[in-house]
Amino acid sequence: MIITKQKPIAEIIDYIKNDSSVFLIGCAVCATTCKTGGETEIKLLSELLIAKGKNVTGWDILNPACYILESKKLLRRKEKEISAAESIISLACGGGTQAIAEMIGKSVYPANDTLFQGEIIQLSPQEDRFEKKCLMCGECIVGVTGGICPVTRCPKGLRSGPCGGVNKGKCEVDPERDCAWVLIYNRLKELGQLGNMGIAGKTRDYSNERNYILVNKR
Ligand code: SF4
Ligand code: SF4
């Protein structure tokens, strides 16, 4: 899931300081789960903006915002409200916000910061934790690192083994955090795959970098 966090409200309001009217768009998938872009968050933001003297012409929730074909169809039902707004606030992730900007010929401002792709860990019936697990680097190496991603879990993103700063298994950048490479070493040892420590360190092939891929739907 794409994990998002709402921006400080002052930053959102600053984006629209010269606009008197806005339309709000959320996303029914990741942003709703993160509680950054569902109906509750849209209504809260709407109330806040109205209290600040803005005219909220309407809102909609796309499913998902990044699916342009379906989103365009959904937004047709809100054409009047969108055209009455001077700008749009997106409560989707960065990808969804860019899709909205492509679909609507108005300024589109993000209400959220997009952090990472992560796992949802339930801490209690009332509280979840979103854990950073993937930065979508385009060349996944967890098959040789015991299923632990060093790109994401090492603050320096080191793919080639630990830096010199590891201290009693903890990371020099954040002593609260286990060193990713110690975790990898221990996991590989458990799996009887310590020989992978050498190959895990291959450098990244940047020719794998893509800004699109094609999917054959047949
Ligand atoms: S190596 Fe890490 S960042 Fe890259 S795709 Fe795999 S999990 Fe994601
Ligand atoms: S101590 Fe470990 S996790 Fe921290 S920066 Fe160095 S290699 Fe990465």
# chains A, B, ... in the order shown; residues from 1 in each chain; ligands from 1
>>> select_by_dssp(residues="segment 2-202 of chain A", states="strand (DSSP E)", output="PyMOL selection string")
chain A and resi 2-6+21-27+55-62+87-90+107-110+112-124+127-134
>>> residues_near_ligand(ligand="ligand 2", cutoff="9 Å", atoms="only C-alpha atoms and all ligand atoms", output="ChimeraX atom specification")
/A:150-151,153-167,169-175,177-182
>>> write_last_selection(atoms="N, CA and C atoms", output="PDB file, in the first residue's frame")
ATOM      1  N   PRO A 150      17.459  -3.829   2.072  1.00  0.00           N
ATOM      2  CA  PRO A 150      18.426  -2.869   2.607  1.00  0.00           C
ATOM      3  C   PRO A 150      18.236  -1.471   2.039  1.00  0.00           C
ATOM      4  N   VAL A 151      17.695  -1.378   0.848  1.00  0.00           N
ATOM      5  CA  VAL A 151      17.482  -0.065   0.220  1.00  0.00           C
ATOM      6  C   VAL A 151      16.553   0.774   1.106  1.00  0.00           C
ATOM      7  N   ARG A 153      15.446  -0.250   4.448  1.00  0.00           N
ATOM      8  CA  ARG A 153      15.589  -0.353   5.908  1.00  0.00           C
ATOM      9  C   ARG A 153      16.932   0.150   6.427  1.00  0.00           C
ATOM     10  N   CYS A 154      17.892   0.348   5.542  1.00  0.00           N
ATOM     11  CA  CYS A 154      19.136   1.031   5.929  1.00  0.00           C
ATOM     12  C   CYS A 154      18.948   2.503   5.565  1.00  0.00           C
ATOM     13  N   PRO A 155      19.118   3.431   6.506  1.00  0.00           N
ATOM     14  CA  PRO A 155      18.894   4.857   6.188  1.00  0.00           C
ATOM     15  C   PRO A 155      19.786   5.359   5.068  1.00  0.00           C
ATOM     16  N   LYS A 156      20.924   4.695   4.844  1.00  0.00           N
ATOM     17  CA  LYS A 156      21.805   5.117   3.744  1.00  0.00           C
ATOM     18  C   LYS A 156      21.483   4.362   2.459  1.00  0.00           C
ATOM     19  N   GLY A 157      20.546   3.437   2.526  1.00  0.00           N
ATOM     20  CA  GLY A 157      20.157   2.679   1.334  1.00  0.00           C
ATOM     21  C   GLY A 157      21.276   1.798   0.796  1.00  0.00           C
ATOM     22  N   LEU A 158      22.130   1.305   1.689  1.00  0.00           N
ATOM     23  CA  LEU A 158      23.308   0.556   1.226  1.00  0.00           C
ATOM     24  C   LEU A 158      22.918  -0.832   0.737  1.00  0.00           C
ATOM     25  N   ARG A 159      23.233  -1.110  -0.514  1.00  0.00           N
ATOM     26  CA  ARG A 159      22.929  -2.416  -1.099  1.00  0.00           C
ATOM     27  C   ARG A 159      24.109  -3.377  -0.965  1.00  0.00           C
ATOM     28  N   SER A 160      25.255  -2.882  -0.477  1.00  0.00           N
ATOM     29  CA  SER A 160      26.474  -3.681  -0.597  1.00  0.00           C
ATOM     30  C   SER A 160      27.047  -4.118   0.751  1.00  0.00           C
ATOM     31  N   GLY A 161      26.243  -4.127   1.795  1.00  0.00           N
ATOM     32  CA  GLY A 161      26.753  -4.544   3.104  1.00  0.00           C
ATOM     33  C   GLY A 161      26.821  -3.357   4.046  1.00  0.00           C
ATOM     34  N   PRO A 162      27.110  -3.643   5.324  1.00  0.00           N
ATOM     35  CA  PRO A 162      27.030  -2.587   6.340  1.00  0.00           C
ATOM     36  C   PRO A 162      28.105  -1.529   6.201  1.00  0.00           C
ATOM     37  N   CYS A 163      27.784  -0.335   6.657  1.00  0.00           N
ATOM     38  CA  CYS A 163      28.789   0.725   6.766  1.00  0.00           C
ATOM     39  C   CYS A 163      29.622   0.448   8.019  1.00  0.00           C
ATOM     40  N   GLY A 164      30.558   1.319   8.321  1.00  0.00           N
ATOM     41  CA  GLY A 164      31.403   1.089   9.495  1.00  0.00           C
ATOM     42  C   GLY A 164      30.750   1.526  10.799  1.00  0.00           C
ATOM     43  N   GLY A 165      29.525   1.998  10.728  1.00  0.00           N
ATOM     44  CA  GLY A 165      28.948   2.627  11.922  1.00  0.00           C
ATOM     45  C   GLY A 165      28.087   1.732  12.782  1.00  0.00           C
ATOM     46  N   VAL A 166      27.896   0.483  12.364  1.00  0.00           N
ATOM     47  CA  VAL A 166      27.016  -0.395  13.147  1.00  0.00           C
ATOM     48  C   VAL A 166      27.591  -0.606  14.552  1.00  0.00           C
ATOM     49  N   ASN A 167      26.719  -0.468  15.551  1.00  0.00           N
ATOM     50  CA  ASN A 167      27.174  -0.539  16.952  1.00  0.00           C
ATOM     51  C   ASN A 167      26.254  -1.483  17.728  1.00  0.00           C
ATOM     52  N   GLY A 169      24.823  -4.077  16.847  1.00  0.00           N
ATOM     53  CA  GLY A 169      23.642  -4.469  16.062  1.00  0.00           C
ATOM     54  C   GLY A 169      22.717  -3.326  15.722  1.00  0.00           C
ATOM     55  N   LYS A 170      23.012  -2.120  16.262  1.00  0.00           N
ATOM     56  CA  LYS A 170      22.119  -0.982  16.006  1.00  0.00           C
ATOM     57  C   LYS A 170      22.723  -0.060  14.948  1.00  0.00           C
ATOM     58  N   CYS A 171      21.864   0.757  14.365  1.00  0.00           N
ATOM     59  CA  CYS A 171      22.272   1.639  13.275  1.00  0.00           C
ATOM     60  C   CYS A 171      22.894   2.927  13.816  1.00  0.00           C
ATOM     61  N   GLU A 172      23.958   3.385  13.178  1.00  0.00           N
ATOM     62  CA  GLU A 172      24.598   4.618  13.666  1.00  0.00           C
ATOM     63  C   GLU A 172      23.723   5.846  13.423  1.00  0.00           C
ATOM     64  N   VAL A 173      22.862   5.775  12.424  1.00  0.00           N
ATOM     65  CA  VAL A 173      22.001   6.926  12.135  1.00  0.00           C
ATOM     66  C   VAL A 173      20.896   7.041  13.184  1.00  0.00           C
ATOM     67  N   ASP A 174      20.381   5.895  13.614  1.00  0.00           N
ATOM     68  CA  ASP A 174      19.286   5.862  14.574  1.00  0.00           C
ATOM     69  C   ASP A 174      19.512   4.681  15.524  1.00  0.00           C
ATOM     70  N   PRO A 175      20.059   4.935  16.709  1.00  0.00           N
ATOM     71  CA  PRO A 175      20.396   3.844  17.626  1.00  0.00           C
ATOM     72  C   PRO A 175      19.192   3.028  18.097  1.00  0.00           C
ATOM     73  N   ARG A 177      17.138   1.785  16.041  1.00  0.00           N
ATOM     74  CA  ARG A 177      16.803   0.914  14.907  1.00  0.00           C
ATOM     75  C   ARG A 177      17.864  -0.173  14.739  1.00  0.00           C
ATOM     76  N   ASP A 178      17.414  -1.411  14.465  1.00  0.00           N
ATOM     77  CA  ASP A 178      18.377  -2.477  14.163  1.00  0.00           C
ATOM     78  C   ASP A 178      19.058  -2.166  12.838  1.00  0.00           C
ATOM     79  N   CYS A 179      20.362  -2.449  12.758  1.00  0.00           N
ATOM     80  CA  CYS A 179      21.067  -2.292  11.479  1.00  0.00           C
ATOM     81  C   CYS A 179      20.466  -3.275  10.470  1.00  0.00           C
ATOM     82  N   ALA A 180      20.066  -2.768   9.334  1.00  0.00           N
ATOM     83  CA  ALA A 180      19.439  -3.617   8.317  1.00  0.00           C
ATOM     84  C   ALA A 180      20.363  -4.764   7.919  1.00  0.00           C
ATOM     85  N   TRP A 181      21.655  -4.479   7.839  1.00  0.00           N
ATOM     86  CA  TRP A 181      22.589  -5.515   7.374  1.00  0.00           C
ATOM     87  C   TRP A 181      22.853  -6.567   8.439  1.00  0.00           C
ATOM     88  N   VAL A 182      22.700  -6.222   9.709  1.00  0.00           N
ATOM     89  CA  VAL A 182      22.784  -7.241  10.767  1.00  0.00           C
ATOM     90  C   VAL A 182      21.549  -8.141  10.676  1.00  0.00           C
TER      91      VAL A 182
END
>>> closest_residue(among="A:Gly138, A:Pro110, A:Gly146, A:Pro8", to="ligand 1", atoms="only C-alpha atoms and all ligand atoms")
A:Gly138
>>> residues_around(residues="Ser21 of chain A", least_positions_apart="5", cutoff="9 Å", atoms="only C-alpha atoms", output="short mmCIF file (atom, residue, chain, number, x, y, z; two decimals) with C-alpha atoms, in the first residue's frame")
data_model
loop_
_atom_site.label_atom_id
_atom_site.label_comp_id
_atom_site.auth_asym_id
_atom_site.auth_seq_id
_atom_site.Cartn_x
_atom_site.Cartn_y
_atom_site.Cartn_z
CA ILE A 16 -4.75 28.29 -1.95
CA LYS A 54 -13.13 29.50 1.42
CA ASN A 55 -15.96 28.32 -0.81
CA VAL A 56 -15.76 24.53 -1.14
CA THR A 57 -17.71 23.93 -4.36
CA ALA A 84 -16.89 26.58 -10.26
CA ALA A 85 -13.64 26.06 -8.30
CA GLU A 86 -10.49 28.08 -8.88
CA SER A 87 -8.28 25.18 -7.80
CA ILE A 88 -8.31 21.57 -6.65
#
>>> closest_atom_pairs(of="chain A", to="ligand 1", cutoff="9 Å", atoms="only C-alpha atoms and all ligand atoms", output="tab-separated table")
residue	atom	partner	partner_atom_place_in_ligand_line	distance
A:Gln117	CA	ligand 1	8 (Fe)	8.2
A:Lys133	CA	ligand 1	7 (S)	6.3
A:Cys134	CA	ligand 1	8 (Fe)	3.7
A:Leu135	CA	ligand 1	3 (S)	4.0
A:Met136	CA	ligand 1	8 (Fe)	4.3
A:Cys137	CA	ligand 1	4 (Fe)	4.0
A:Gly138	CA	ligand 1	5 (S)	5.3
A:Glu139	CA	ligand 1	4 (Fe)	5.3
A:Cys140	CA	ligand 1	6 (Fe)	3.3
A:Ile141	CA	ligand 1	1 (S)	4.6
A:Val142	CA	ligand 1	6 (Fe)	5.6
A:Gly143	CA	ligand 1	6 (Fe)	8.5
A:Gly147	CA	ligand 1	7 (S)	8.1
A:Ile148	CA	ligand 1	7 (S)	7.4
A:Cys149	CA	ligand 1	2 (Fe)	4.3
A:Pro150	CA	ligand 1	2 (Fe)	6.4
A:Val151	CA	ligand 1	2 (Fe)	5.1
A:Thr152	CA	ligand 1	3 (S)	5.5
A:Arg153	CA	ligand 1	2 (Fe)	8.3
A:Gly157	CA	ligand 1	3 (S)	8.8
A:Arg159	CA	ligand 1	1 (S)	8.4
>>> residues_around(residues="Ala65 of chain A", least_positions_apart="3", cutoff="10 Å", atoms="only C-alpha atoms", output="PyMOL selection string")
chain A and resi 25-31+61-62+68-72+74+90-93+95-100
>>> write_last_selection(atoms="C-alpha atoms", output="PDB file, in the first residue's frame")
ATOM      1  CA  ILE A  25     -10.693  15.012  -4.361  1.00  0.00           C
ATOM      2  CA  GLY A  26      -9.865  11.936  -2.281  1.00  0.00           C
ATOM      3  CA  CYS A  27      -8.967   8.352  -3.119  1.00  0.00           C
ATOM      4  CA  ALA A  28     -10.936   5.282  -2.036  1.00  0.00           C
ATOM      5  CA  VAL A  29      -7.942   2.959  -1.834  1.00  0.00           C
ATOM      6  CA  CYS A  30      -4.617   3.656  -0.056  1.00  0.00           C
ATOM      7  CA  ALA A  31      -5.383   7.203   1.113  1.00  0.00           C
ATOM      8  CA  ILE A  61     -13.607  10.294  -4.020  1.00  0.00           C
ATOM      9  CA  LEU A  62     -11.970   8.417  -6.900  1.00  0.00           C
ATOM     10  CA  ILE A  68      -7.287   7.849 -15.137  1.00  0.00           C
ATOM     11  CA  LEU A  69      -9.848   6.106 -17.372  1.00  0.00           C
ATOM     12  CA  GLU A  70     -12.268   5.366 -14.504  1.00  0.00           C
ATOM     13  CA  SER A  71     -11.495   8.615 -12.665  1.00  0.00           C
ATOM     14  CA  LYS A  72     -12.406  10.689 -15.731  1.00  0.00           C
ATOM     15  CA  LEU A  74     -16.410   9.533 -12.197  1.00  0.00           C
ATOM     16  CA  SER A  90      -5.974  16.376  -3.817  1.00  0.00           C
ATOM     17  CA  LEU A  91      -6.138  14.090  -0.809  1.00  0.00           C
ATOM     18  CA  ALA A  92      -4.631  11.210  -2.813  1.00  0.00           C
ATOM     19  CA  CYS A  93      -0.991  10.076  -2.974  1.00  0.00           C
ATOM     20  CA  GLY A  95       0.688   9.458  -8.132  1.00  0.00           C
ATOM     21  CA  GLY A  96      -3.026  10.138  -7.689  1.00  0.00           C
ATOM     22  CA  THR A  97      -2.404  13.888  -7.422  1.00  0.00           C
ATOM     23  CA  GLN A  98      -0.472  13.885 -10.707  1.00  0.00           C
ATOM     24  CA  ALA A  99      -3.267  11.884 -12.366  1.00  0.00           C
ATOM     25  CA  ILE A 100      -5.793  14.476 -11.153  1.00  0.00           C
TER      26      ILE A 100
END
>>> select_by_dssp(residues="segment 14-149 of chain A", states="alpha helix (DSSP H)", output="ChimeraX atom specification")
/A:14-15,30-33,39-51,68-76,79-84,94-103
>>> atom_distance(atom1="atom CA of Lys106 of chain A", atom2="atom CA of Ile82 of chain A")
9.2 Å
>>> atom_distance(atom1="atom CA of Phe116 of chain A", atom2="atom CA of Glu131 of chain A")
8.7 Å
>>> atom_distance(atom1="atom CA of Lys17 of chain A", atom2="atom CA of Glu47 of chain A")
16.4 Å
>>> closest_residue(among="A:Asn216, A:Thr145, A:Ser20, A:Ser107", to="Lys189 of chain A", atoms="only C-alpha atoms")
A:Thr145
>>> residues_around(residues="Phe130 of chain A", least_positions_apart="2", cutoff="7 Å", atoms="only C-alpha atoms", output="count of residues only")
6
>>> closest_residue(among="A:Asp113, A:Asp60, A:Asp19, A:Glu41", to="Lys7 of chain A", atoms="only C-alpha atoms")
A:Asp113
>>> closest_residue(among="A:Val144, A:Val22, A:Leu188, A:Leu44", to="Val108 of chain A", atoms="only C-alpha atoms")
A:Val22
